[in-house]
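Here is the structure we will look at, set down as C-alpha coordinates.
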Amino acid sequence: MGASGAGHTAKLLNNFLNAVSLAASAEVMVAGRRAGLDLAQLLEVINSSSGVNFATLNRFPHIVQGDYLEGGLTGRLMTKDVALYVDLIGKLGVPSLNAAGPLASFGLAESLGYGDQISNRVVDAIGDVAGGTRVHDTKEG
(Lines give C-alpha, C1' and ligand atoms only; values in the text may rest on other atoms or scores of the structure.)
Protein backbone atom coordinates (compact mmCIF):
# COMPACT_ATOMS: atom_id res chain seq x y z
CA MET A 1 0.00 0.00 0.00
CA GLY A 2 2.91 2.35 0.58
CA ALA A 3 4.83 3.72 3.55
CA SER A 4 4.48 2.52 7.13
CA GLY A 5 0.88 3.00 8.29
CA ALA A 6 -0.58 2.84 4.79
CA GLY A 7 -2.34 -0.45 5.51
CA HIS A 8 -4.01 1.08 8.57
CA THR A 9 -5.15 4.03 6.46
CA ALA A 10 -6.56 1.71 3.80
CA LYS A 11 -8.40 -0.25 6.51
CA LEU A 12 -10.02 2.92 7.88
CA LEU A 13 -11.07 4.04 4.40
CA ASN A 14 -12.59 0.62 3.66
CA ASN A 15 -14.32 0.37 7.03
CA PHE A 16 -15.85 3.80 6.52
CA LEU A 17 -17.40 2.69 3.24
CA ASN A 18 -18.63 -0.45 5.00
CA ALA A 19 -20.24 1.68 7.72
CA VAL A 20 -21.93 4.01 5.23
CA SER A 21 -23.35 1.18 3.12
CA LEU A 22 -24.48 -0.87 6.11
CA ALA A 23 -26.18 2.05 7.86
CA ALA A 24 -27.84 3.31 4.68
CA SER A 25 -28.96 -0.18 3.65
CA ALA A 26 -30.39 -0.80 7.12
CA GLU A 27 -32.43 2.39 6.87
CA VAL A 28 -33.68 1.45 3.41
CA MET A 29 -34.65 -2.05 4.53
CA VAL A 30 -36.63 -0.70 7.50
CA ALA A 31 -38.33 1.79 5.17
CA GLY A 32 -39.07 -1.02 2.72
CA ARG A 33 -40.67 -3.10 5.47
CA ARG A 34 -42.72 -0.11 6.67
CA ALA A 35 -43.87 0.47 3.07
CA GLY A 36 -45.06 -3.13 2.87
CA LEU A 37 -42.53 -4.20 0.24
CA ASP A 38 -41.36 -7.78 -0.18
CA LEU A 39 -37.80 -7.37 1.09
CA ALA A 40 -36.40 -10.29 -0.90
CA GLN A 41 -37.73 -8.68 -4.07
CA LEU A 42 -36.45 -5.27 -2.96
CA LEU A 43 -32.98 -6.78 -2.53
CA GLU A 44 -33.19 -8.28 -6.02
CA VAL A 45 -33.99 -4.85 -7.45
CA ILE A 46 -31.25 -3.11 -5.46
CA ASN A 47 -28.67 -5.78 -6.25
CA SER A 48 -29.30 -5.43 -9.97
CA SER A 49 -29.35 -1.63 -9.81
CA SER A 50 -27.13 1.26 -8.80
CA GLY A 51 -27.74 0.86 -5.04
CA VAL A 52 -25.94 -2.47 -4.84
CA ASN A 53 -23.29 -2.74 -2.11
CA PHE A 54 -21.68 -5.32 0.15
CA ALA A 55 -24.48 -5.09 2.72
CA THR A 56 -27.25 -5.64 0.19
CA LEU A 57 -25.38 -8.48 -1.50
CA ASN A 58 -23.95 -10.32 1.48
CA ARG A 59 -25.67 -9.25 4.68
CA PHE A 60 -29.32 -8.45 4.12
CA PRO A 61 -30.25 -11.64 2.26
CA HIS A 62 -29.42 -13.36 5.57
CA ILE A 63 -30.79 -10.69 7.90
CA VAL A 64 -34.25 -10.72 6.28
CA GLN A 65 -34.30 -14.45 7.13
CA GLY A 66 -33.41 -13.68 10.78
CA ASP A 67 -29.70 -14.56 10.52
CA TYR A 68 -27.64 -11.57 11.62
CA LEU A 69 -24.35 -13.34 10.86
CA GLU A 70 -23.30 -12.99 14.51
CA GLY A 71 -19.62 -12.91 15.37
CA GLY A 72 -18.42 -10.07 13.16
CA LEU A 73 -17.44 -6.48 13.91
CA THR A 74 -19.50 -5.03 16.74
CA GLY A 75 -21.44 -1.81 16.48
CA ARG A 76 -19.16 -0.21 19.07
CA LEU A 77 -16.08 -1.05 16.99
CA MET A 78 -17.81 0.26 13.87
CA THR A 79 -18.44 3.58 15.64
CA LYS A 80 -14.80 3.67 16.73
CA ASP A 81 -13.59 3.05 13.17
CA VAL A 82 -15.79 5.82 11.78
CA ALA A 83 -14.49 8.22 14.44
CA LEU A 84 -10.90 7.24 13.56
CA TYR A 85 -11.75 7.84 9.89
CA VAL A 86 -13.03 11.33 10.72
CA ASP A 87 -9.81 12.08 12.60
CA LEU A 88 -7.72 10.77 9.71
CA ILE A 89 -9.39 12.74 6.97
CA GLY A 90 -9.33 15.85 9.14
CA LYS A 91 -5.55 15.49 9.35
CA LEU A 92 -5.48 15.04 5.58
CA GLY A 93 -7.49 18.23 5.06
CA VAL A 94 -10.46 16.39 3.54
CA PRO A 95 -13.96 17.48 4.61
CA SER A 96 -16.04 14.86 6.37
CA LEU A 97 -19.39 15.30 4.66
CA ASN A 98 -20.72 11.74 4.93
CA ALA A 99 -19.69 10.57 8.39
CA ALA A 100 -22.71 11.99 10.22
CA GLY A 101 -25.04 9.25 8.95
CA PRO A 102 -23.11 6.21 10.16
CA LEU A 103 -22.08 7.99 13.36
CA ALA A 104 -25.75 8.68 14.08
CA SER A 105 -26.87 5.18 13.10
CA PHE A 106 -24.26 3.26 15.07
CA GLY A 107 -24.47 5.76 17.94
CA LEU A 108 -28.20 5.08 18.08
CA ALA A 109 -27.50 1.34 18.11
CA GLU A 110 -25.09 1.77 21.01
CA SER A 111 -27.52 3.92 22.97
CA LEU A 112 -30.23 1.26 22.53
CA GLY A 113 -27.98 -1.53 23.81
CA TYR A 114 -26.73 -3.04 20.54
CA GLY A 115 -23.14 -1.78 20.83
CA ASP A 116 -21.59 -5.10 21.79
CA GLN A 117 -23.54 -7.06 19.17
CA ILE A 118 -22.64 -7.44 15.51
CA SER A 119 -22.85 -4.16 13.62
CA ASN A 120 -25.64 -5.65 11.47
CA ARG A 121 -27.94 -5.06 14.46
CA VAL A 122 -28.00 -1.39 13.45
CA VAL A 123 -31.07 -2.40 11.44
CA ASP A 124 -32.84 -3.31 14.68
CA ALA A 125 -31.90 0.02 16.27
CA ILE A 126 -33.35 1.89 13.31
CA GLY A 127 -36.37 -0.41 13.44
CA ASP A 128 -36.80 0.28 17.15
CA VAL A 129 -37.26 3.99 16.54
CA ALA A 130 -39.51 3.18 13.57
CA GLY A 131 -42.16 1.67 15.82
CA GLY A 132 -40.47 -1.64 16.59
CA THR A 133 -40.10 -2.65 12.95
CA ARG A 134 -38.11 -5.79 12.16
CA VAL A 135 -36.98 -6.63 8.66
CA HIS A 136 -37.27 -10.36 9.26
CA ASP A 137 -40.32 -12.43 10.01
CA THR A 138 -40.24 -12.65 13.80
CA LYS A 139 -41.80 -16.13 13.58
CA GLU A 140 -38.68 -17.31 11.76
CA GLY A 141 -35.94 -15.40 13.55
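Labels used: A, B, ... for chains in the order of the C-alpha coordinates, numbers from 1 for residues in each chain, and numbers from 1 for ligands as shown.
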
Nearby residues (only C-alpha atoms) at most 10 Å from Asp116 in chain A, same-chain spacing under 4 positions excluded, as a PyMOL selection string
chain A and resi 73-77+109-110+121

Would you pick out the contacts of Met78 in chain A at 10 Å or less, using only C-alpha atoms, so that residues sharing its chain but fewer than 5 positions from it are not included, and give the list as a ChimeraX atom specification?
/A:15-16,18-19,73,83-84,102-103,106-107,115,118-119

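Take the candidates A:Gln117, A:Gly93, A:Thr133, A:Ser48 and check each one against Val64 in chain A using only C-alpha atoms; the shortest distance goes to A:Thr133.
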
From the list A:Val45, A:Asn120, A:Ala26, A:Gly7, which residue is nearest Asp67 in chain A when using only C-alpha atoms?
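Using only C-alpha atoms, Asp67 in chain A sits closest to A:Asn120.
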
Shortest interatomic distance to Ala10 in chain A - which of A:Asp81, A:Val122, A:Gly66, A:Glu44, counting only C-alpha atoms
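Selected residue with least distance to Ala10 in chain A: A:Asp81.
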
What is the distance, in Å and to one decimal place, between CA of Gln65 in chain A and CA of Gly131 in chain A?
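Separating CA of Gln65 in chain A from CA of Gly131 in chain A is a distance of 19.9 Å.
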
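In this model, the gap between CA of Arg34 in chain A and CA of Glu70 in chain A comes to 24.6 Å.
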
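Reported to one decimal place, the separation of CA of Ser25 in chain A from CA of Phe54 in chain A is 9.6 Å.
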